[in-house]
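Source file: run-v2.cif. Holds: mmCIF, C-alpha atoms.
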data_structure
#
loop_
_atom_site.label_atom_id
_atom_site.label_comp_id
_atom_site.auth_asym_id
_atom_site.auth_seq_id
_atom_site.Cartn_x
_atom_site.Cartn_y
_atom_site.Cartn_z
CA MET I 20 23.03 -3.42 1.98
CA ALA I 21 19.52 -2.50 3.05
CA GLY I 22 16.88 -4.79 4.47
CA THR I 23 19.15 -6.81 6.72
CA GLN I 24 16.29 -7.71 9.02
CA ASN I 25 14.78 -9.77 6.21
CA LYS I 26 18.00 -11.02 4.70
CA PRO I 27 17.36 -14.65 3.86
CA ALA I 28 19.71 -17.55 4.15
CA ALA I 29 20.95 -19.15 0.94
CA ILE I 30 18.15 -19.51 -1.60
CA THR I 31 17.16 -23.15 -2.03
CA LEU I 32 13.63 -23.28 -3.45
CA HIS I 33 13.18 -24.24 -7.09
CA ARG I 34 10.56 -22.27 -8.97
CA ARG I 35 8.98 -25.19 -10.76
CA ALA I 36 8.57 -27.20 -7.58
CA VAL I 37 7.05 -24.16 -5.90
CA VAL I 38 4.54 -23.59 -8.71
CA THR I 39 3.69 -27.29 -8.89
CA ARG I 40 2.87 -27.26 -5.19
CA ILE I 41 0.80 -24.10 -5.41
CA LEU I 42 -1.22 -25.27 -8.41
CA ARG I 43 -2.03 -28.62 -6.83
CA ASP I 44 -4.70 -26.82 -4.80
CA ARG I 45 -5.87 -24.33 -7.44
CA GLY I 46 -9.49 -25.51 -7.46
CA ASP I 47 -11.43 -23.16 -9.71
CA ALA I 48 -8.93 -20.32 -9.50
CA ALA I 49 -7.99 -18.26 -12.54
CA LEU I 50 -4.27 -17.78 -13.09
CA VAL I 51 -2.58 -14.84 -14.74
CA CYS I 52 1.04 -15.61 -15.61
CA GLY I 53 3.64 -12.92 -16.20
CA ILE I 54 6.09 -12.98 -19.06
CA GLY I 55 8.98 -15.42 -18.92
CA ASN I 56 9.54 -18.58 -16.97
CA ALA I 57 6.36 -18.14 -14.92
CA VAL I 58 4.37 -19.04 -18.04
CA HIS I 59 6.30 -22.28 -18.45
CA ASP I 60 6.17 -23.09 -14.75
CA VAL I 61 2.38 -22.84 -14.77
CA ALA I 62 1.95 -24.64 -18.10
CA SER I 63 4.12 -27.50 -16.85
CA CYS I 64 1.31 -28.35 -14.41
CA GLY I 65 -1.01 -28.92 -17.36
CA ASP I 66 -2.37 -26.46 -19.89
CA ASP I 67 -5.69 -25.04 -18.76
CA ALA I 68 -8.22 -22.62 -20.26
CA ARG I 69 -8.23 -20.76 -16.94
CA ASN I 70 -4.56 -19.82 -17.44
CA MET I 71 -3.90 -16.44 -19.03
CA TYR I 72 -0.35 -16.51 -20.34
CA LEU I 73 1.09 -13.05 -20.92
CA ALA I 74 3.89 -13.98 -23.29
CA GLY I 75 4.87 -10.36 -23.83
CA ILE I 76 4.76 -7.01 -22.01
CA MET I 77 6.50 -6.34 -18.71
CA GLY I 78 4.55 -4.92 -15.80
CA GLY I 79 0.94 -5.71 -16.65
CA ALA I 80 0.18 -9.04 -14.98
CA ALA I 81 -1.05 -7.72 -11.62
CA MET I 82 -3.41 -5.20 -13.24
CA VAL I 83 -4.77 -7.72 -15.74
CA ALA I 84 -5.54 -10.01 -12.82
CA PHE I 85 -7.15 -7.14 -10.91
CA GLY I 86 -9.47 -6.51 -13.86
CA VAL I 87 -10.42 -10.18 -13.95
CA ALA I 88 -10.97 -10.15 -10.19
CA VAL I 89 -13.38 -7.20 -10.40
CA ALA I 90 -15.32 -8.88 -13.21
CA GLN I 91 -15.33 -12.28 -11.48
CA PRO I 92 -15.91 -11.43 -7.81
CA ASP I 93 -16.81 -15.00 -6.82
CA ARG I 94 -13.67 -16.53 -8.27
CA ARG I 95 -10.14 -16.48 -6.83
CA VAL I 96 -7.66 -14.86 -9.19
CA VAL I 97 -3.98 -15.62 -8.67
CA VAL I 98 -1.01 -13.94 -10.31
CA ILE I 99 2.14 -15.99 -10.83
CA THR I 100 4.92 -13.72 -12.02
CA GLY I 101 8.56 -12.81 -11.65
CA ASP I 102 10.26 -10.05 -9.71
CA GLY I 103 11.43 -8.33 -12.88
CA GLU I 104 7.93 -8.31 -14.34
CA LEU I 105 6.45 -6.83 -11.19
CA LEU I 106 9.20 -4.23 -10.85
CA ALA I 107 8.30 -3.00 -14.35
CA GLY I 108 4.79 -2.15 -13.14
CA LEU I 109 5.37 -1.27 -9.52
CA GLY I 110 2.64 1.37 -9.51
CA SER I 111 0.11 -1.43 -9.68
CA LEU I 112 0.80 -2.27 -6.02
CA PRO I 113 -0.53 0.99 -4.56
CA THR I 114 -3.36 0.97 -7.11
CA ILE I 115 -4.43 -2.50 -5.95
CA GLY I 116 -3.65 -1.68 -2.32
CA VAL I 117 -6.10 1.22 -2.44
CA GLU I 118 -8.88 -0.82 -4.02
CA LYS I 119 -8.32 -4.00 -1.96
CA PRO I 120 -9.90 -6.68 -4.16
CA ARG I 121 -10.70 -9.51 -1.74
CA ASN I 122 -10.37 -12.27 -4.34
CA LEU I 123 -6.89 -11.40 -5.66
CA ALA I 124 -3.57 -12.98 -4.69
CA ILE I 125 -0.15 -12.19 -6.14
CA VAL I 126 2.72 -14.66 -5.94
CA VAL I 127 6.11 -13.37 -7.03
CA LEU I 128 8.77 -15.92 -7.91
CA ASP I 129 11.74 -13.81 -6.90
CA ASN I 130 14.96 -15.16 -8.40
CA GLN I 131 16.55 -11.71 -8.15
CA ALA I 132 17.38 -11.82 -11.84
CA TYR I 133 16.05 -11.21 -15.35
CA GLY I 134 16.04 -14.83 -16.46
CA ALA I 135 15.01 -14.21 -20.05
CA THR I 136 17.92 -11.92 -20.85
CA GLY I 137 20.85 -13.62 -19.14
CA ASN I 138 20.18 -13.38 -15.42
CA GLN I 139 21.21 -9.77 -14.95
CA LEU I 140 20.42 -8.78 -11.38
CA THR I 141 17.11 -7.13 -10.51
CA HIS I 142 16.80 -4.58 -7.73
CA THR I 143 15.66 -7.30 -5.32
CA ALA I 144 19.20 -8.69 -5.44
CA ALA I 145 20.31 -5.44 -3.85
CA GLY I 146 17.76 -5.74 -1.07
CA VAL I 147 14.64 -4.12 -2.47
CA ASP I 148 11.84 -5.79 -0.52
CA LEU I 149 8.73 -6.30 -2.65
CA ALA I 150 6.67 -7.69 0.23
CA ALA I 151 7.43 -4.57 2.26
CA ILE I 152 6.41 -2.40 -0.68
CA ALA I 153 3.13 -4.32 -0.96
CA ALA I 154 2.50 -3.94 2.77
CA ALA I 155 3.26 -0.23 2.60
CA SER I 156 0.89 -0.01 -0.38
CA GLY I 157 -2.06 -1.27 1.65
CA PHE I 158 -2.03 -5.03 1.11
CA PRO I 159 -3.51 -6.38 4.35
CA SER I 160 -1.39 -9.53 4.34
CA THR I 161 2.00 -10.22 2.83
CA ALA I 162 4.62 -12.93 3.18
CA LEU I 163 8.27 -13.55 2.43
CA ILE I 164 8.74 -17.27 1.80
CA THR I 165 12.11 -18.97 1.75
CA ASP I 166 11.43 -22.65 2.46
CA GLU I 167 8.97 -25.47 1.83
CA ALA I 168 7.27 -25.02 5.17
CA GLY I 169 6.56 -21.45 4.20
CA ILE I 170 4.98 -22.60 0.94
CA GLU I 171 2.76 -25.07 2.77
CA ALA I 172 1.70 -22.40 5.21
CA ALA I 173 0.91 -19.98 2.37
CA ILE I 174 -1.39 -22.27 0.35
CA ALA I 175 -4.50 -21.40 2.33
CA ASP I 176 -3.61 -17.70 2.17
CA ILE I 177 -3.15 -17.79 -1.60
CA TYR I 178 -6.57 -19.31 -2.24
CA ASP I 179 -8.75 -18.34 0.69
CA ARG I 180 -7.46 -15.39 2.70
CA PRO I 181 -9.37 -12.16 2.11
CA GLY I 182 -7.15 -10.27 -0.27
CA PRO I 183 -5.37 -8.69 -1.76
CA TYR I 184 -2.72 -11.15 -0.63
CA PHE I 185 0.91 -10.82 -1.67
CA ALA I 186 3.71 -13.36 -1.34
CA VAL I 187 7.33 -13.21 -2.40
CA VAL I 188 8.91 -16.64 -2.84
CA LYS I 189 12.68 -16.56 -3.04
CA VAL I 190 13.76 -19.06 -5.71
CA THR I 191 17.02 -19.99 -7.39
CA THR I 192 17.74 -18.98 -10.97
CA GLU I 193 17.43 -22.61 -12.03
CA THR I 194 14.63 -23.13 -14.58
CA GLY I 195 12.62 -26.13 -15.66
CA PRO I 196 12.25 -27.34 -19.24
CA ARG I 197 10.52 -24.89 -21.54
CA LEU I 198 7.21 -26.00 -22.96
CA ASP I 199 5.42 -25.45 -26.23
CA VAL I 200 3.05 -22.83 -24.80
CA SER I 201 0.99 -20.89 -27.32
CA ARG I 202 2.11 -17.29 -27.79
CA ASP I 203 -1.08 -16.52 -29.69
CA GLY I 204 -2.62 -13.89 -27.44
CA THR I 205 -5.89 -13.81 -29.36
CA TYR I 206 -6.35 -17.55 -28.91
CA ILE I 207 -5.25 -17.69 -25.28
CA SER I 208 -7.39 -14.72 -24.28
CA ARG I 209 -10.57 -15.98 -25.94
CA ARG I 210 -10.11 -19.41 -24.44
CA PHE I 211 -9.63 -17.82 -21.01
CA ARG I 212 -12.64 -15.52 -21.36
CA ALA I 213 -14.88 -18.43 -22.36
CA ALA I 214 -13.72 -20.33 -19.27
CA MET I 215 -14.53 -17.32 -17.09
CA THR I 216 -17.93 -16.49 -18.55
CA GLY I 217 -19.09 -19.93 -19.56
CA GLY I 218 -19.63 -18.66 -23.06
CA GLY I 219 -17.81 -17.92 -26.29
CA MET L 27 -16.47 28.92 -18.31
CA ALA L 28 -19.71 30.33 -16.91
CA SER L 29 -21.48 27.04 -16.24
CA PRO L 30 -20.17 23.51 -16.12
CA PRO L 31 -20.55 21.64 -19.41
CA ASP L 32 -23.15 18.91 -19.52
CA TRP L 33 -21.37 16.64 -22.01
CA PRO L 34 -19.81 14.51 -19.26
CA ASP L 35 -23.30 13.58 -18.07
CA THR L 36 -24.44 12.46 -21.51
CA VAL L 37 -21.12 10.70 -22.07
CA PHE L 38 -21.57 8.79 -18.84
CA GLY L 39 -25.01 7.75 -20.03
CA ALA L 40 -23.44 6.51 -23.27
CA LEU L 41 -20.85 4.50 -21.31
CA LYS L 42 -23.56 2.97 -19.15
CA ASP L 43 -25.63 2.11 -22.22
CA ALA L 44 -22.56 0.41 -23.68
CA GLY L 45 -22.33 -1.81 -20.61
CA VAL L 46 -19.24 -0.21 -19.07
CA ARG L 47 -18.67 -1.59 -15.57
CA GLN L 48 -15.05 -0.61 -14.90
CA VAL L 49 -13.75 2.94 -15.30
CA ALA L 50 -10.01 3.45 -14.89
CA TYR L 51 -8.72 6.98 -14.60
CA VAL L 52 -5.97 9.34 -13.63
CA PRO L 53 -6.94 12.65 -12.05
CA ASP L 54 -7.72 15.19 -14.76
CA ALA L 55 -9.51 18.52 -14.84
CA GLY L 56 -11.18 17.78 -18.17
CA HIS L 57 -12.56 14.48 -16.91
CA ALA L 58 -13.38 15.68 -13.39
CA ARG L 59 -17.16 15.52 -13.79
CA LEU L 60 -17.08 12.14 -15.56
CA ILE L 61 -14.85 10.71 -12.83
CA GLU L 62 -17.26 12.04 -10.21
CA LEU L 63 -20.18 10.36 -11.97
CA ALA L 64 -18.31 7.06 -12.21
CA ARG L 65 -17.31 7.15 -8.55
CA GLY L 66 -20.88 7.87 -7.55
CA ASP L 67 -22.38 4.92 -9.42
CA ASN L 68 -22.57 1.67 -7.47
CA ALA L 69 -22.80 -0.38 -10.67
CA VAL L 70 -19.44 0.95 -11.85
CA ARG L 71 -16.04 0.16 -10.35
CA ALA L 72 -14.01 3.37 -10.64
CA VAL L 73 -10.29 2.68 -10.26
CA PRO L 74 -7.79 5.51 -9.76
CA LEU L 75 -4.39 4.71 -11.28
CA THR L 76 -0.86 5.85 -10.63
CA ALA L 77 -0.19 5.86 -14.38
CA GLU L 78 -2.22 5.25 -17.50
CA GLN L 79 -0.67 1.94 -18.60
CA GLU L 80 -2.15 0.30 -15.51
CA GLY L 81 -5.57 1.08 -16.96
CA VAL L 82 -4.81 -0.62 -20.26
CA ALA L 83 -3.87 -3.80 -18.39
CA LEU L 84 -6.86 -3.50 -16.03
CA LEU L 85 -9.32 -3.21 -18.90
CA GLY L 86 -7.72 -6.17 -20.65
CA GLY L 87 -8.48 -8.12 -17.50
CA ALA L 88 -11.99 -6.68 -17.36
CA TRP L 89 -12.71 -8.04 -20.81
CA LEU L 90 -11.12 -11.37 -19.95
CA GLY L 91 -13.52 -11.58 -17.02
CA GLY L 92 -16.55 -10.67 -19.13
CA GLU L 93 -16.91 -6.96 -18.44
CA ALA L 94 -16.51 -3.80 -20.49
CA GLY L 95 -14.54 -0.79 -19.30
CA ALA L 96 -13.25 2.62 -20.27
CA LEU L 97 -9.99 4.48 -19.62
CA LEU L 98 -10.12 8.20 -18.91
CA MET L 99 -6.87 10.03 -19.42
CA GLN L 100 -5.15 13.14 -20.70
CA SER L 101 -3.08 13.34 -23.86
CA SER L 102 0.09 13.63 -21.78
CA GLY L 103 -0.56 10.05 -20.63
CA VAL L 104 -0.78 8.61 -24.11
CA GLY L 105 2.97 8.15 -24.24
CA ASN L 106 2.73 5.97 -21.15
CA VAL L 107 0.32 3.47 -22.67
CA ILE L 108 1.97 2.65 -26.00
CA ASN L 109 3.88 -0.46 -24.96
CA MET L 110 0.97 -1.86 -22.95
CA LEU L 111 -1.28 -1.37 -25.98
CA GLY L 112 0.84 -4.06 -27.61
CA MET L 113 -0.93 -6.51 -25.31
CA SER L 114 -4.36 -5.18 -26.29
CA ALA L 115 -3.40 -5.45 -29.95
CA GLU L 116 -2.01 -9.00 -29.75
CA CYS L 117 -4.93 -10.22 -27.64
CA ARG L 118 -7.46 -8.18 -29.62
CA PHE L 119 -8.91 -6.78 -26.43
CA PRO L 120 -11.67 -4.27 -27.09
CA LEU L 121 -10.49 -0.99 -25.58
CA LEU L 122 -12.18 2.39 -25.19
CA MET L 123 -10.08 5.39 -24.21
CA LEU L 124 -11.41 8.91 -23.69
CA VAL L 125 -8.52 11.35 -24.00
CA THR L 126 -8.76 15.01 -23.06
CA MET L 127 -6.34 17.02 -25.16
CA ARG L 128 -3.61 19.37 -24.03
CA GLY L 129 -0.81 20.93 -26.02
CA GLU L 130 -2.94 22.22 -28.85
CA TRP L 131 -5.63 24.96 -28.90
CA GLY L 132 -4.38 27.89 -26.87
CA GLU L 133 -1.92 25.88 -24.80
CA PHE L 134 0.06 28.04 -22.38
CA ASN L 135 2.40 25.35 -21.03
CA PRO L 136 5.17 24.47 -23.49
CA TRP L 137 5.80 21.14 -21.70
CA GLN L 138 2.37 19.93 -22.82
CA VAL L 139 2.97 20.61 -26.49
CA PRO L 140 5.30 17.75 -27.57
CA MET L 141 3.06 14.92 -26.34
CA GLY L 142 -0.14 16.72 -27.28
CA GLN L 143 1.05 17.16 -30.84
CA ALA L 144 2.19 13.52 -31.03
CA THR L 145 -0.92 12.01 -29.43
CA GLN L 146 -2.92 11.03 -32.49
CA ALA L 147 0.05 9.79 -34.50
CA SER L 148 1.33 7.75 -31.54
CA LEU L 149 -2.02 6.03 -31.01
CA GLU L 150 -2.44 5.31 -34.70
CA ALA L 151 1.10 3.96 -34.94
CA VAL L 152 0.23 1.16 -32.52
CA GLY L 153 -3.10 0.40 -34.15
CA VAL L 154 -5.64 2.43 -32.21
CA ILE L 155 -8.56 3.89 -34.17
CA VAL L 156 -8.76 7.60 -33.35
CA GLN L 157 -11.92 9.69 -33.42
CA ARG L 158 -11.64 13.40 -32.67
CA VAL L 159 -14.37 15.61 -31.37
CA ASP L 160 -14.14 19.39 -31.11
CA ASP L 161 -17.63 20.52 -30.23
CA ALA L 162 -19.52 19.75 -27.04
CA ASP L 163 -22.72 18.72 -28.78
CA SER L 164 -20.94 15.86 -30.56
CA VAL L 165 -19.05 14.29 -27.66
CA ALA L 166 -21.74 11.88 -26.50
CA GLU L 167 -22.58 10.55 -29.96
CA THR L 168 -18.87 10.16 -30.73
CA VAL L 169 -18.35 8.18 -27.52
CA GLU L 170 -21.40 6.08 -28.30
CA ALA L 171 -20.05 5.28 -31.76
CA ALA L 172 -16.56 4.60 -30.40
CA ALA L 173 -17.95 2.27 -27.73
CA ARG L 174 -19.84 0.30 -30.36
CA MET L 175 -16.70 0.00 -32.47
CA ALA L 176 -14.67 -1.04 -29.43
CA PHE L 177 -16.98 -3.57 -27.82
CA GLN L 178 -18.89 -4.89 -30.82
CA GLY L 179 -16.28 -4.23 -33.49
CA GLY L 180 -13.59 -5.63 -31.22
CA ARG L 181 -11.12 -2.79 -31.67
CA MET L 182 -8.96 -0.34 -29.72
CA VAL L 183 -10.62 3.07 -30.07
CA ALA L 184 -9.62 6.43 -28.64
CA VAL L 185 -11.84 9.51 -28.58
CA LEU L 186 -9.73 12.67 -28.48
CA ILE L 187 -11.69 15.47 -26.85
CA GLY L 188 -10.25 18.67 -28.25
CA GLN L 189 -8.77 21.40 -26.10
CA ARG L 190 -10.89 23.97 -27.93
CA LEU L 191 -13.97 22.20 -26.59
CA LEU L 192 -12.56 21.89 -23.07
CA GLY L 193 -11.48 25.48 -22.96
CA ALA L 194 -7.86 26.50 -23.12
CA LYS L 195 -7.13 26.93 -19.46
CA ASN L 196 -4.55 29.26 -18.07
CA TRP L 197 -3.29 28.41 -14.61
CA ASP L 198 -1.41 31.67 -14.51
CA LYS L 199 -4.63 33.65 -14.23
#
Taking this structure as input, can you express it in the form of structure tokens?
Amino acid sequence: MAGTQNKPAAITLHRRAVVTRILRDRGDAALVCGIGNAVHDVASCGDDARNMYLAGIMGGAAMVAFGVAVAQPDRRVVVITGDGELLAGLGSLPTIGVEKPRNLAIVVLDNQAYGATGNQLTHTAAGVDLAAIAAASGFPSTALITDEAGIEAAIADIYDRPGPYFAVVKVTTETGPRLDVSRDGTYISRRFRAAMTGGG
Amino acid sequence: MASPPDWPDTVFGALKDAGVRQVAYVPDAGHARLIELARGDNAVRAVPLTAEQEGVALLGGAWLGGEAGALLMQSSGVGNVINMLGMSAECRFPLLMLVTMRGEWGEFNPWQVPMGQATQASLEAVGVIVQRVDDADSVAETVEAAARMAFQGGRMVAVLIGQRLLGAKNWDK
């Protein structure tokens, strides 16, 4: 198996607890949530107009957030997504790495599985290192987080470090309760845009 | 072609007039001048992509953040964007795509023909409004009309810039 220098100990972090901790300090940040459990993890902290839930489409979350970040240069934009979702749009890492948006952070909840379809293994289970790919793509700061101390240390980076910042958080495949999150993209997107622009 | 065409300059003016602030693109000979103009304008963020679907997602985010954008691509990239356009459709993101055509008028490369011939039908199948233009004098006004339909009419619109207009190139020469 490749990547032995980064091979973590047993995975112990729970995704919902991780997201709850991260969102506690969100301030005025905009959140873009990738398809799947990430949407429910974020919504479980309280529905918010500044949350863009992408209930469909694999591989677009990072680029959607990049577009928001360009349009809203004074606001922090944070992606919360899964490893499978990011792997489906891996080209977005070099694209963002070249452009280096300072107000963008990407947090990948890496459970090494496709949770929505029965936990089939993703490539990260075989050692593919997303943080290393981000670093090689030009992200100035990246992190591989495997414990609560790592989460605490990353909070300031997620919200304040000049970006683009990229963190992989290794989490178990355990999920929290699913919520009644709207899948109406037209509604969610207009609500989000109004929160960004202060208008309708 | 004896002298460079001037339609990209008038098209860029139309994009600026429409409020376009983000231009996503993949390298393309037909769009070379327009890309150069976008990269040279400090009021426009020009973003080179590894593949076209990144641009669809980027411009969705642009709109979510309050800005307008345009995606410059070649017909061979249209196949790449179809699934991502499902997001634009469900979220009713305005979207303006300028597509230079290959695989039609005088095409020498057989590999370009399948996607080129399927371009318009593929876009229409996923709900994009397609407007073709085949003469240089009409490109700017077509882009202007498409931009209005995209950003004010709230629709996904693609302008297909015909290969006859661009000049059927022959790399073998």
Chain and number of each residue from the PyMOL selection byres ((chain I) within 8 of (chain L)), as JSON, numbers by chain: {"I": [75, 76, 79, 80, 82, 83, 84, 85, 86, 87, 88, 89, 90, 91, 108, 110, 111, 113, 114, 118, 203, 204, 205, 206, 207, 208, 209, 211, 212, 215, 216]}
Computed interatomic separation between CA of Asp199 (chain I) and CA of Ile177 (chain I) (Å): 27.2 Å
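Near Arg210 (chain I), within 8 Å and counting all atoms listed in the file, sit Ala68, Arg69, Tyr206 and Ala214 of chain I, not including residues fewer than 4 positions from it in the same chain.
With distances taken over all atoms listed in the file, I:Val187 is the one residue among I:Pro181, I:Asp44, I:Val187, I:Arg121 lying closest to Leu105 (chain I).
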Two-atom distance - CA of Gly132 (chain L), CA of Asp160 (chain L) (Å):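 Between CA of Gly132 (chain L) and CA of Asp160 (chain L) the gap works out to 13.6 Å.
Of the listed residues (L:Gly129, L:Pro34, L:Gly193, L:Gly45), L:Pro34 comes nearest to Leu60 (chain L); the distances count all atoms listed in the file.
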